[in-house]
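Undergrad: The structure file run-v6.txt (compact mmCIF, C-alpha atoms and all ligand atoms) is provided below.
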# COMPACT_ATOMS: atom_id res chain seq x y z
CA MET A 1 221.12 98.94 -95.38
CA GLY A 2 224.40 97.68 -93.87
CA LYS A 3 224.75 94.21 -92.50
CA TYR A 4 224.23 95.13 -88.85
CA THR A 5 222.20 98.32 -89.08
CA ILE A 6 220.10 99.25 -86.05
CA VAL A 7 216.63 99.41 -87.60
CA GLN A 8 215.00 100.65 -84.42
CA ALA A 9 216.41 101.80 -81.08
CA GLN A 10 214.41 103.01 -78.12
CA ALA A 11 214.64 103.37 -74.36
CA LEU A 12 212.22 101.13 -72.45
CA SER A 13 213.09 102.73 -69.13
CA GLU A 14 215.87 104.89 -67.71
CA ALA A 15 218.40 102.07 -67.89
CA VAL A 16 216.89 99.46 -70.24
CA PHE A 17 217.08 99.80 -74.02
CA GLU A 18 215.54 97.87 -76.88
CA MET A 19 217.02 97.46 -80.35
CA TRP A 20 215.96 95.75 -83.53
CA ILE A 21 219.08 94.93 -85.54
CA HIS A 22 219.32 93.84 -89.15
CA ALA A 23 221.27 90.59 -88.81
CA PRO A 24 219.94 88.13 -91.43
CA GLN A 25 222.15 85.15 -90.62
CA VAL A 26 221.32 85.37 -86.92
CA ALA A 27 217.60 86.07 -87.39
CA ARG A 28 217.03 83.19 -89.81
CA HIS A 29 218.45 80.57 -87.45
CA ALA A 30 217.69 81.91 -83.95
CA LYS A 31 215.61 79.86 -81.53
CA ALA A 32 214.28 80.62 -78.05
CA GLY A 33 216.99 80.45 -75.39
CA GLN A 34 219.85 81.43 -77.69
CA PHE A 35 221.98 84.55 -77.57
CA CYS A 36 224.23 86.65 -79.77
CA ILE A 37 227.51 88.44 -79.10
CA ILE A 38 227.59 92.08 -80.13
CA HIS A 39 230.68 94.07 -80.93
CA ALA A 40 229.52 97.69 -81.03
CA ASP A 41 232.74 99.27 -82.26
CA GLY A 42 236.35 98.30 -82.86
CA ALA A 43 237.49 99.25 -79.37
CA GLY A 44 234.83 97.91 -77.00
CA GLU A 45 234.19 94.53 -75.47
CA ARG A 46 232.02 91.88 -77.03
CA VAL A 47 228.74 91.70 -75.12
CA PRO A 48 226.56 88.58 -74.94
CA LEU A 49 222.84 89.40 -75.15
CA THR A 50 219.83 87.12 -75.40
CA ILE A 51 217.88 87.19 -78.65
CA SER A 52 214.48 88.30 -77.41
CA GLY A 53 212.66 88.12 -80.74
CA THR A 54 213.02 87.89 -84.50
CA ASN A 55 211.14 89.44 -87.39
CA GLY A 56 212.27 88.46 -90.88
CA ASP A 57 215.95 89.40 -91.09
CA ASP A 58 215.94 91.40 -87.85
CA ILE A 59 216.61 90.39 -84.26
CA ARG A 60 215.49 92.12 -81.09
CA ILE A 61 217.69 92.62 -78.05
CA ALA A 62 216.95 94.38 -74.77
CA PHE A 63 219.76 95.32 -72.44
CA MET A 64 220.47 97.15 -69.23
CA ALA A 65 223.16 99.83 -69.44
CA VAL A 66 225.37 98.69 -66.58
CA GLY A 67 228.95 99.22 -67.71
CA THR A 68 231.28 100.51 -70.40
CA THR A 69 229.97 98.64 -73.41
CA THR A 70 226.27 98.55 -72.64
CA LYS A 71 226.40 102.30 -71.87
CA LEU A 72 228.07 102.83 -75.24
CA LEU A 73 225.40 100.68 -76.93
CA ALA A 74 222.71 102.80 -75.26
CA THR A 75 224.01 105.91 -77.06
CA LEU A 76 223.48 104.36 -80.51
CA LYS A 77 220.46 105.40 -82.55
CA THR A 78 218.27 104.05 -85.32
CA GLY A 79 220.37 103.93 -88.52
CA ASP A 80 223.72 103.45 -86.75
CA GLU A 81 225.72 100.36 -87.57
CA LEU A 82 227.26 97.78 -85.27
CA ARG A 83 230.62 96.31 -86.13
CA ASP A 84 229.60 92.68 -85.63
CA VAL A 85 226.77 90.47 -84.40
CA ALA A 86 227.74 86.80 -83.92
CA GLY A 87 225.10 84.15 -83.42
CA PRO A 88 222.84 82.47 -82.78
CA LEU A 89 224.91 80.95 -79.96
CA GLY A 90 224.08 78.44 -77.24
CA MET A 91 221.53 75.64 -77.07
CA PRO A 92 217.84 76.35 -77.74
CA SER A 93 215.36 75.96 -74.87
CA ASP A 94 214.13 72.44 -74.18
CA ILE A 95 210.53 72.99 -75.29
CA ALA A 96 208.38 69.91 -75.68
CA ARG A 97 205.77 69.75 -78.41
CA GLY A 98 202.46 68.86 -76.81
CA SER A 99 200.13 69.82 -74.06
CA GLU A 100 202.41 70.67 -71.18
CA THR A 101 201.67 73.51 -68.79
CA VAL A 102 204.74 75.68 -68.57
CA VAL A 103 205.43 78.69 -66.39
CA ILE A 104 207.87 81.33 -67.60
CA VAL A 105 209.17 83.67 -64.92
CA GLY A 106 211.16 86.80 -65.80
CA GLY A 107 212.71 89.28 -63.39
CA GLY A 108 214.10 92.73 -64.24
CA VAL A 109 215.94 92.80 -67.55
CA GLY A 110 215.57 89.00 -67.61
CA VAL A 111 212.03 89.64 -68.87
CA ALA A 112 213.77 90.42 -72.19
CA CYS A 113 214.19 86.68 -72.74
CA THR A 114 210.58 85.73 -72.03
CA PRO A 115 208.55 86.70 -75.16
CA ILE A 116 210.54 84.51 -77.57
CA LEU A 117 210.37 81.61 -75.11
CA ALA A 118 206.65 82.05 -74.42
CA GLU A 119 205.94 82.24 -78.13
CA ALA A 120 207.93 79.07 -78.87
CA ALA A 121 206.18 77.20 -76.02
CA LYS A 122 202.78 78.39 -77.22
CA ASP A 123 203.48 77.54 -80.88
CA ALA A 124 204.44 74.03 -79.76
CA GLY A 125 200.94 73.59 -78.32
CA ASN A 126 201.61 74.15 -74.62
CA TYR A 127 199.57 76.10 -72.06
CA VAL A 128 201.74 79.07 -71.12
CA ILE A 129 201.61 80.96 -67.83
CA GLY A 130 203.82 84.05 -67.61
CA ILE A 131 205.03 85.79 -64.47
CA ILE A 132 207.00 88.98 -64.99
CA GLY A 133 208.38 91.19 -62.24
CA ALA A 134 210.38 94.36 -61.75
CA ARG A 135 211.44 96.57 -58.87
CA ASN A 136 208.81 99.15 -59.83
CA ARG A 137 206.36 100.01 -62.61
CA ASP A 138 208.89 102.12 -64.57
CA LEU A 139 211.31 99.20 -64.85
CA LEU A 140 208.75 96.70 -66.14
CA ILE A 141 209.37 95.70 -69.77
CA PHE A 142 207.54 93.69 -72.44
CA GLU A 143 204.24 93.41 -70.55
CA ASP A 144 202.21 93.92 -73.77
CA ASP A 145 204.19 91.25 -75.61
CA MET A 146 203.74 88.74 -72.82
CA ARG A 147 200.04 89.55 -72.39
CA ALA A 148 199.47 88.91 -76.09
CA ILE A 149 201.21 85.51 -76.02
CA CYS A 150 200.47 83.95 -72.62
CA ASP A 151 197.30 82.12 -71.60
CA GLU A 152 197.67 83.69 -68.14
CA LEU A 153 199.95 86.51 -67.04
CA TYR A 154 200.85 87.67 -63.53
CA VAL A 155 202.73 90.94 -63.02
CA THR A 156 204.58 91.81 -59.83
CA THR A 157 206.48 94.85 -58.59
CA ASP A 158 208.66 94.81 -55.48
CA ASP A 159 207.22 98.13 -54.29
CA GLY A 160 203.59 97.45 -55.28
CA SER A 161 203.49 100.38 -57.74
CA TYR A 162 201.82 98.06 -60.26
CA GLY A 163 200.34 94.55 -60.29
CA ILE A 164 200.87 92.24 -57.33
CA LYS A 165 203.15 93.63 -54.61
CA GLY A 166 206.20 91.44 -54.02
CA PHE A 167 208.60 89.21 -55.92
CA ALA A 168 207.82 87.05 -58.95
CA SER A 169 208.34 84.02 -56.72
CA GLY A 170 205.00 84.82 -54.97
CA PRO A 171 202.61 83.89 -57.81
CA LEU A 172 204.88 80.93 -58.69
CA LYS A 173 204.54 79.59 -55.14
CA GLU A 174 200.76 80.02 -55.25
CA LEU A 175 200.54 78.15 -58.56
CA CYS A 176 202.67 75.29 -57.22
CA GLU A 177 200.60 75.07 -54.03
CA SER A 178 197.28 75.25 -55.92
CA GLY A 179 197.65 71.64 -56.99
CA ARG A 180 197.56 72.47 -60.71
CA THR A 181 199.80 70.34 -62.86
CA ILE A 182 202.89 72.28 -63.87
CA ASP A 183 205.28 70.40 -66.13
CA LYS A 184 208.14 72.85 -66.55
CA VAL A 185 209.26 76.21 -65.22
CA TRP A 186 211.75 78.67 -66.69
CA ILE A 187 213.22 81.39 -64.49
CA ILE A 188 215.30 84.17 -66.03
CA GLY A 189 216.68 87.15 -64.15
CA PRO A 190 219.52 88.25 -61.87
CA GLY A 191 221.53 85.43 -60.28
CA MET A 192 220.12 85.87 -56.79
CA MET A 193 216.55 86.02 -58.12
CA MET A 194 217.02 82.76 -60.05
CA LYS A 195 218.66 81.06 -57.07
CA VAL A 196 215.88 82.00 -54.65
CA THR A 197 212.96 81.51 -57.05
CA SER A 198 214.10 78.07 -58.14
CA GLU A 199 213.84 76.92 -54.50
CA VAL A 200 210.06 77.40 -54.84
CA THR A 201 209.73 74.54 -57.33
CA ARG A 202 212.23 72.16 -55.71
CA PRO A 203 209.83 70.63 -53.11
CA PHE A 204 207.29 70.00 -55.87
CA GLY A 205 209.81 68.19 -58.07
CA ILE A 206 209.03 70.43 -61.04
CA LYS A 207 211.68 70.50 -63.77
CA THR A 208 213.04 74.04 -63.63
CA TYR A 209 215.43 75.79 -66.02
CA VAL A 210 217.45 78.94 -65.49
CA SER A 211 219.45 80.93 -68.02
CA LEU A 212 222.94 81.56 -66.65
CA ASN A 213 225.00 84.64 -67.45
CA PRO A 214 228.62 84.06 -66.48
CA VAL A 215 231.26 86.23 -68.12
CA MET A 216 231.67 85.12 -71.73
CA VAL A 217 234.43 85.97 -74.15
CA ASP A 218 234.48 83.85 -77.32
CA GLY A 219 231.06 82.19 -76.93
CA THR A 220 232.31 79.07 -78.68
CA GLY A 221 233.59 76.83 -75.89
CA MET A 222 237.27 77.64 -76.49
CA CYS A 223 238.30 80.18 -73.84
CA GLY A 224 236.80 78.59 -70.72
CA SER A 225 235.73 81.88 -69.16
CA CYS A 226 232.06 80.92 -68.88
CA ARG A 227 232.53 77.71 -66.93
CA VAL A 228 229.82 76.87 -64.42
CA THR A 229 229.30 73.92 -62.12
CA VAL A 230 226.05 72.03 -62.71
CA GLY A 231 225.32 68.71 -61.02
CA GLY A 232 228.93 68.59 -59.82
CA GLU A 233 230.24 68.76 -63.39
CA MET A 234 232.01 71.59 -65.14
CA LYS A 235 230.00 73.00 -68.06
CA PHE A 236 230.56 75.86 -70.49
CA ALA A 237 227.48 78.05 -70.46
CA CYS A 238 228.06 79.25 -74.03
CA VAL A 239 227.89 75.82 -75.65
CA ASP A 240 226.27 73.53 -73.03
CA GLY A 241 223.79 76.24 -71.97
CA PRO A 242 223.01 78.99 -71.24
CA GLU A 243 219.95 77.13 -69.86
CA PHE A 244 220.54 74.55 -67.15
CA ASP A 245 218.60 72.58 -64.53
CA ALA A 246 218.09 75.16 -61.78
CA HIS A 247 218.21 72.58 -59.00
CA GLU A 248 221.67 71.40 -60.05
CA VAL A 249 223.43 74.77 -60.39
CA ASP A 250 226.23 75.68 -57.96
CA TRP A 251 225.06 79.27 -57.38
CA ASN A 252 227.92 80.30 -55.08
CA ASP A 253 230.48 79.31 -57.71
CA LEU A 254 228.58 81.26 -60.39
CA MET A 255 228.26 84.43 -58.32
CA THR A 256 231.89 84.36 -57.21
CA ARG A 257 233.06 84.09 -60.82
CA GLN A 258 230.70 86.91 -61.89
CA ARG A 259 232.48 89.23 -59.45
CA MET A 260 235.98 88.33 -60.68
CA TYR A 261 236.54 91.40 -62.85
CA LEU A 262 234.86 94.10 -60.74
CA ALA A 263 238.12 96.10 -60.39
CA GLU A 264 238.82 95.97 -64.15
CA GLU A 265 235.20 96.91 -64.97
CA LYS A 266 235.50 99.97 -62.68
CA GLN A 267 238.81 100.92 -64.31
CA SER A 268 237.25 100.59 -67.75
CA MET A 269 234.39 102.96 -66.80
CA GLU A 270 236.86 105.50 -65.40
CA PHE A 271 239.02 105.26 -68.52
CA ARG A 272 236.05 105.89 -70.80
CA ALA A 273 234.90 108.83 -68.64
CA GLU A 274 238.40 110.36 -68.88
CA GLN A 275 238.45 109.92 -72.66
CA HIS A 276 235.10 111.69 -72.82
CA VAL A 277 236.47 114.70 -70.90
CA CYS A 278 239.52 114.91 -73.21
CA ARG A 279 237.39 114.93 -76.38
CA CYS A 280 235.15 117.71 -75.02
CA ARG A 281 238.21 119.81 -74.14
CA LYS A 282 239.55 119.44 -77.68
CA VAL A 283 236.21 120.65 -79.07
CA GLU A 284 236.34 123.72 -76.80
C1 LIG A 301 224.15 84.36 -72.35
C2 LIG A 301 224.00 85.75 -71.80
C3 LIG A 301 222.88 86.48 -72.13
C4 LIG A 301 222.72 87.77 -71.63
N1 LIG A 301 221.59 88.45 -71.98
C5 LIG A 301 221.43 89.70 -71.54
C6 LIG A 301 220.27 90.45 -71.94
O1 LIG A 301 219.41 89.99 -72.71
N2 LIG A 301 220.15 91.72 -71.46
C7 LIG A 301 221.09 92.26 -70.61
O2 LIG A 301 220.91 93.41 -70.19
N3 LIG A 301 222.18 91.58 -70.22
C8 LIG A 301 222.37 90.32 -70.67
N4 LIG A 301 223.51 89.64 -70.30
C9 LIG A 301 224.50 90.33 -69.46
C10 LIG A 301 225.37 91.26 -70.32
O3 LIG A 301 226.16 90.48 -71.19
C11 LIG A 301 226.27 92.14 -69.43
O4 LIG A 301 225.45 93.03 -68.70
C12 LIG A 301 227.24 92.96 -70.27
O5 LIG A 301 228.22 92.12 -70.81
C13 LIG A 301 227.86 94.06 -69.45
O6 LIG A 301 228.93 94.64 -70.17
P1 LIG A 301 229.47 96.10 -69.86
O7 LIG A 301 230.78 96.27 -70.56
O8 LIG A 301 228.43 97.12 -70.16
O9 LIG A 301 229.63 96.12 -68.30
P2 LIG A 301 230.86 95.74 -67.34
O10 LIG A 301 231.16 96.91 -66.48
O11 LIG A 301 231.98 95.18 -68.16
O12 LIG A 301 230.21 94.64 -66.50
C14 LIG A 301 229.02 94.77 -65.71
C15 LIG A 301 228.58 93.36 -65.28
O13 LIG A 301 228.16 92.62 -66.45
C16 LIG A 301 228.69 91.31 -66.45
N5 LIG A 301 229.53 91.13 -67.64
C17 LIG A 301 230.50 91.92 -68.11
N6 LIG A 301 231.06 91.44 -69.21
C18 LIG A 301 230.44 90.28 -69.46
C19 LIG A 301 230.56 89.29 -70.47
N7 LIG A 301 231.46 89.36 -71.43
N8 LIG A 301 229.75 88.21 -70.37
C20 LIG A 301 228.82 88.12 -69.41
N9 LIG A 301 228.65 89.01 -68.44
C21 LIG A 301 229.45 90.07 -68.46
C22 LIG A 301 229.48 91.15 -65.19
O14 LIG A 301 228.71 90.44 -64.22
C23 LIG A 301 229.72 92.55 -64.69
O15 LIG A 301 229.75 92.64 -63.31
C24 LIG A 301 223.70 88.35 -70.78
C25 LIG A 301 224.84 87.62 -70.45
C26 LIG A 301 224.99 86.32 -70.95
C27 LIG A 301 226.20 85.54 -70.61
S1 LIG A 302 232.74 82.02 -73.53
FE1 LIG A 302 234.59 81.03 -73.92
S2 LIG A 302 234.17 78.99 -73.36
FE2 LIG A 302 232.28 79.97 -73.15
Would you mind writing the file out in C-alpha cells?
Ligand SMILES: Cc1cc2nc3c(=O)[nH]c(=O)nc-3n(C[C@H](O)[C@H](O)[C@H](O)COP(=O)(O)OP(=O)(O)OC[C@H]3O[C@@H](n4cnc5c(N)ncnc54)[C@H](O)[C@@H]3O)c2cc1C
Ligand code: FES

TA:
Amino acid sequence: MGKYTIVQAQALSEAVFEMWIHAPQVARHAKAGQFCIIHADGAGERVPLTISGTNGDDIRIAFMAVGTTTKLLATLKTGDELRDVAGPLGMPSDIARGSETVVIVGGGVGVACTPILAEAAKDAGNYVIGIIGARNRDLLIFEDDMRAICDELYVTTDDGSYGIKGFASGPLKELCESGRTIDKVWIIGPGMMMKVTSEVTRPFGIKTYVSLNPVMVDGTGMCGSCRVTVGGEMKFACVDGPEFDAHEVDWNDLMTRQRMYLAEEKQSMEFRAEQHVCRCRKVE
C-alpha cells in the first residue's frame, strides 16, 4: 500500500463523501479538533479538511464537493492514491478531563468533526450531549457514530423530514433554558450557523467554541491567508485555532474574507469543465 492510499471511499449523500486514508504519520498524532491538508494531484489546490476519526494508521475525512478540488476528490475511489496529506495541523480541542457536561453541536458537513470530538470528551470522563442537524434526512451524516458515543443525542432537520423539525439551535436553547449545568459547548458548521447558534449560549455565560474555516494555504502560520479577528486581536486559524471562543469572533470579518476569491473559484470551475470537454473530444 502506498503512503496515502485511499483505503475506503464512499458517498454519504449526493454531495458529501467519506474517505479513510492510509496516512500513518497523521493518524498516529491526530487529536480532536485538528485538521489535515490534502493535495489530491499535482495540479489541484491544497484543501484543508478536519480529521474526523482515526483507526490505526488510517484517518477519516468527510467533505462536501463544493468546488474544483473537492469535486475532483469526490471522483477518487478505494485504492487510488493521493499526492500528499499534511498534518495533523492546528491546536487540539480544549477538552477537560473530568466530569463536565459538554454539548457538541454539528450542522451540515460540520457534523464530520463531531465524532472524534465526542469520543475524546467521553474518553476524558465527561457527560456528552450531541446535537446534529442537516437541511433534510438525506444530508444527515454520522448519526450512527454519534449515537454510539453520546450519552444523549438530538437530531434535527430543517424541513422536519427526520428528527426534530428546525435548526440545531432549538434543542441547544431548550437545554440551556432547562437549568441543567452545561460547562462547555462546541458548535461546528457553516459560518452563519455558528454565528447564530453561538448567540444561544451567550446569555447563559457558557464557554462556547467554534471551528473556523477561513481560506488556508500553507497551514503553518506563514502565509497569513487564514487570519481572523478574535477578541479584537488578529489570529491565524491554522496555528492559533481552528477552534476559538465563539463569543469573541468577528463574524463579519470572517465571512467577508471567505468571499474574497469567489471570482477565481468560478473561473477555476469553468477551466476544469473546459479541460474535461477537450479530453472527451480527443477520445472521440
Ligand atoms: C480547518 C478547516 C477544516 C475544514 N474541514 C472541512 C471538512 O471537514 N469538510 C468539508 O467539507 N470542508 C471542510 N473545510 C472547507 C474546505 O476546505 C473547502 O470546502 C475546500 O477547500 C473547497 O475547495 P474547492 O477547491 O473544492 O472549492 P472552491 O471553489 O475553491 O471553494 C469553495 C469554497 O470553499 C472555501 N475554500 C476554498 N479554498 C479553501 C481553502 N484553501 N481553505 C479554506 N476554505 C477554502 C471557500 O469559502 C470557497 O468559497 C475546512 C476548512 C478549514 C479551513
Ligand atoms: S494558512 Fe497560512 S497562515 Fe494560516

Undergrad: Give me, please, the distance in Å between CA of Val66 in chain A and CA of Ile116 in chain A, quoted to one decimal.

TA: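 Atom-to-atom, CA of Val66 in chain A and CA of Ile116 in chain A are spaced 23.3 Å apart.
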
Undergrad: Using 9 Å as the limit and counting only C-alpha atoms and all ligand atoms, can you tabulate each residue of chain A that touches ligand LIG 302 (chain A), with its shortest atom-to-atom distance in Å and the two atoms involved, as a tab-separated table?

TA:
residue	atom	partner	partner_atom	distance
A:Pro214	CA	A:LIG302	S1	8.4
A:Val215	CA	A:LIG302	S1	7.0
A:Met216	CA	A:LIG302	S1	3.7
A:Val217	CA	A:LIG302	S1	4.3
A:Asp218	CA	A:LIG302	FE1	4.4
A:Gly219	CA	A:LIG302	S1	3.8
A:Thr220	CA	A:LIG302	FE2	5.6
A:Gly221	CA	A:LIG302	S2	3.4
A:Met222	CA	A:LIG302	S2	4.6
A:Cys223	CA	A:LIG302	FE1	3.8
A:Gly224	CA	A:LIG302	S2	3.7
A:Ser225	CA	A:LIG302	FE1	5.0
A:Cys226	CA	A:LIG302	FE2	4.4
A:Arg227	CA	A:LIG302	FE2	6.6
A:Lys235	CA	A:LIG302	FE2	8.9
A:Phe236	CA	A:LIG302	FE2	5.2
A:Ala237	CA	A:LIG302	FE2	5.8
A:Cys238	CA	A:LIG302	FE2	4.4
A:Val239	CA	A:LIG302	FE2	6.5
A:Asp240	CA	A:LIG302	FE2	8.8

Undergrad: May I have the residues within 6 Å of ligand LIG 301 (chain A), computed using all atoms listed in the file, as a short mmCIF file (atom, residue, chain, number, x, y, z; two decimals) with C-alpha atoms, in the frame of the given file?

TA:
data_model
loop_
_atom_site.label_atom_id
_atom_site.label_comp_id
_atom_site.auth_asym_id
_atom_site.auth_seq_id
_atom_site.Cartn_x
_atom_site.Cartn_y
_atom_site.Cartn_z
CA PHE A 35 221.98 84.55 -77.57
CA VAL A 47 228.74 91.70 -75.12
CA PRO A 48 226.56 88.58 -74.94
CA LEU A 49 222.84 89.40 -75.15
CA THR A 50 219.83 87.12 -75.40
CA ALA A 62 216.95 94.38 -74.77
CA PHE A 63 219.76 95.32 -72.44
CA MET A 64 220.47 97.15 -69.23
CA ALA A 65 223.16 99.83 -69.44
CA VAL A 66 225.37 98.69 -66.58
CA GLY A 67 228.95 99.22 -67.71
CA THR A 68 231.28 100.51 -70.40
CA THR A 69 229.97 98.64 -73.41
CA THR A 70 226.27 98.55 -72.64
CA LYS A 71 226.40 102.30 -71.87
CA VAL A 109 215.94 92.80 -67.55
CA ALA A 112 213.77 90.42 -72.19
CA ASN A 213 225.00 84.64 -67.45
CA PRO A 214 228.62 84.06 -66.48
CA VAL A 215 231.26 86.23 -68.12
CA MET A 216 231.67 85.12 -71.73
CA VAL A 217 234.43 85.97 -74.15
CA PRO A 242 223.01 78.99 -71.24
CA GLN A 258 230.70 86.91 -61.89
CA ARG A 259 232.48 89.23 -59.45
CA LEU A 262 234.86 94.10 -60.74
CA GLU A 265 235.20 96.91 -64.97
#

Undergrad: Between CA of Asp145 in chain A and CA of Leu12 in chain A, what distance in Å does the model show, to one decimal?

TA: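 These two atoms are separated by 13.1 Å.
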
Undergrad: What is the CA of Gln10 in chain A to CA of Thr78 in chain A distance in Å?

TA: 8.2 Å

Undergrad: Counting all atoms listed in the file, figure out which residue out of A:Ala15, A:Leu153, A:Leu117, A:Val111 gets nearest to Ala74 in chain A.

TA: A:Ala15

Undergrad: Point out the residue among A:Lys266, A:His247, A:Lys77, A:Arg60 with the least atom-to-atom distance to Ala40 in chain A, counting all atoms listed in the file.

TA: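 Going through A:Lys266, A:His247, A:Lys77, A:Arg60 one by one, the smallest distance to Ala40 in chain A is for A:Lys77.
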
Undergrad: Quick one: residues within 10 Å of (219.6, 106.0, -86.9) (file frame), counting only C-alpha atoms, please, as a list in words.

TA: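 I get Thr5, Ile6, Val7, Gln8, Ala9, Leu76, Lys77, Thr78, Gly79, Asp80 and Glu81 of chain A for the residues within 10 Å of that point.
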
Undergrad: Would you mind listing what lies within 10 Å of Ala32 in chain A as a ChimeraX atom specification, with all atoms listed in the file counted and same-chain residues fewer than 5 positions away left out?

TA: /A:50-54,88,91-95,113-121

Undergrad: Just want the 8 Å neighbourhood of Tyr162 in chain A, counted on all atoms listed in the file, with same-chain residues fewer than 4 positions away dropped. Output as a PyMOL selection string.

TA: chain A and resi 136-137+155-157

Undergrad: Give me the range 96-116 of chain A side of the contact with range 172-176 of chain A, cut-off 10 Å, one line per residue showing its nearest atom pair and distance in Å at one decimal, counting only C-alpha atoms, sorted by chain and residue number, as CSV.

TA:
residue,atom,partner,partner_atom,distance
A:Val103,CA,A:Leu172,CA,8.0
A:Ile104,CA,A:Leu172,CA,9.4
A:Val105,CA,A:Leu172,CA,8.0

Undergrad: Using only C-alpha atoms, which of A:Thr181, A:Gln34, A:Thr101, A:Ser169 sits nearest Gly125 in chain A?

TA: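 Nearest to Gly125 in chain A: A:Thr101.
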
Undergrad: Which residue is closest to Ser13 in chain A? Choose from A:Ile59, A:Ile164, A:Leu139, A:Met146 and count all atoms listed in the file.

TA: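 For Ser13 in chain A, the nearest of the given residues is A:Leu139.
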
Undergrad: For Met234 in chain A, which residue out of A:Val210, A:Leu254, A:Ala246, A:Ala30 is the nearest one, using only C-alpha atoms?

TA: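 Checking each candidate against Met234 in chain A, we get A:Leu254 as the closest.
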
Undergrad: Let me make sure I understand: among A:Asp84, A:Gly44, A:Gly106, A:Asp159, which one has the smallest atom-to-atom distance to Gly189 in chain A if we use only C-alpha atoms?

TA: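 Closest to Gly189 in chain A of all the choices is A:Gly106.
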
Undergrad: Have range 113-129 of chain A completed to N, CA and C atoms, please, and pass it along as a PDB file, in the coordinates of the input.

TA:
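To be explicit, this is the file written out as part.pdb:
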ATOM      1  N   CYS A 113     214.088  88.013 -72.144  1.00  0.00           N
ATOM      2  CA  CYS A 113     214.190  86.680 -72.740  1.00  0.00           C
ATOM      3  C   CYS A 113     212.846  85.973 -72.813  1.00  0.00           C
ATOM      4  N   THR A 114     211.810  86.503 -72.180  1.00  0.00           N
ATOM      5  CA  THR A 114     210.580  85.730 -72.030  1.00  0.00           C
ATOM      6  C   THR A 114     209.657  85.700 -73.257  1.00  0.00           C
ATOM      7  N   PRO A 115     209.511  86.795 -74.052  1.00  0.00           N
ATOM      8  CA  PRO A 115     208.550  86.700 -75.160  1.00  0.00           C
ATOM      9  C   PRO A 115     208.895  85.613 -76.183  1.00  0.00           C
ATOM     10  N   ILE A 116     210.152  85.500 -76.554  1.00  0.00           N
ATOM     11  CA  ILE A 116     210.540  84.510 -77.570  1.00  0.00           C
ATOM     12  C   ILE A 116     210.316  83.095 -77.031  1.00  0.00           C
ATOM     13  N   LEU A 117     210.547  82.924 -75.745  1.00  0.00           N
ATOM     14  CA  LEU A 117     210.370  81.610 -75.110  1.00  0.00           C
ATOM     15  C   LEU A 117     208.878  81.280 -74.996  1.00  0.00           C
ATOM     16  N   ALA A 118     208.101  82.261 -74.561  1.00  0.00           N
ATOM     17  CA  ALA A 118     206.650  82.050 -74.420  1.00  0.00           C
ATOM     18  C   ALA A 118     206.032  81.737 -75.774  1.00  0.00           C
ATOM     19  N   GLU A 119     206.485  82.445 -76.787  1.00  0.00           N
ATOM     20  CA  GLU A 119     205.940  82.240 -78.130  1.00  0.00           C
ATOM     21  C   GLU A 119     206.274  80.825 -78.638  1.00  0.00           C
ATOM     22  N   ALA A 120     207.519  80.400 -78.405  1.00  0.00           N
ATOM     23  CA  ALA A 120     207.930  79.070 -78.870  1.00  0.00           C
ATOM     24  C   ALA A 120     207.132  77.993 -78.124  1.00  0.00           C
ATOM     25  N   ALA A 121     206.934  78.185 -76.817  1.00  0.00           N
ATOM     26  CA  ALA A 121     206.180  77.200 -76.020  1.00  0.00           C
ATOM     27  C   ALA A 121     204.726  77.154 -76.474  1.00  0.00           C
ATOM     28  N   LYS A 122     204.179  78.304 -76.770  1.00  0.00           N
ATOM     29  CA  LYS A 122     202.780  78.390 -77.220  1.00  0.00           C
ATOM     30  C   LYS A 122     202.627  77.754 -78.600  1.00  0.00           C
ATOM     31  N   ASP A 123     203.547  78.092 -79.514  1.00  0.00           N
ATOM     32  CA  ASP A 123     203.480  77.540 -80.880  1.00  0.00           C
ATOM     33  C   ASP A 123     203.598  76.017 -80.863  1.00  0.00           C
ATOM     34  N   ALA A 124     204.271  75.478 -79.840  1.00  0.00           N
ATOM     35  CA  ALA A 124     204.440  74.030 -79.760  1.00  0.00           C
ATOM     36  C   ALA A 124     203.203  73.362 -79.138  1.00  0.00           C
ATOM     37  N   GLY A 125     202.206  74.152 -78.795  1.00  0.00           N
ATOM     38  CA  GLY A 125     200.940  73.590 -78.320  1.00  0.00           C
ATOM     39  C   GLY A 125     200.779  73.543 -76.811  1.00  0.00           C
ATOM     40  N   ASN A 126     201.662  74.198 -76.087  1.00  0.00           N
ATOM     41  CA  ASN A 126     201.610  74.150 -74.620  1.00  0.00           C
ATOM     42  C   ASN A 126     200.721  75.254 -74.044  1.00  0.00           C
ATOM     43  N   TYR A 127     200.314  75.064 -72.792  1.00  0.00           N
ATOM     44  CA  TYR A 127     199.570  76.100 -72.060  1.00  0.00           C
ATOM     45  C   TYR A 127     200.628  76.943 -71.327  1.00  0.00           C
ATOM     46  N   VAL A 128     200.627  78.236 -71.609  1.00  0.00           N
ATOM     47  CA  VAL A 128     201.740  79.070 -71.120  1.00  0.00           C
ATOM     48  C   VAL A 128     201.276  80.079 -70.063  1.00  0.00           C
ATOM     49  N   ILE A 129     201.889  79.988 -68.898  1.00  0.00           N
ATOM     50  CA  ILE A 129     201.610  80.960 -67.830  1.00  0.00           C
ATOM     51  C   ILE A 129     202.860  81.826 -67.674  1.00  0.00           C
TER      52      ILE A 129
END
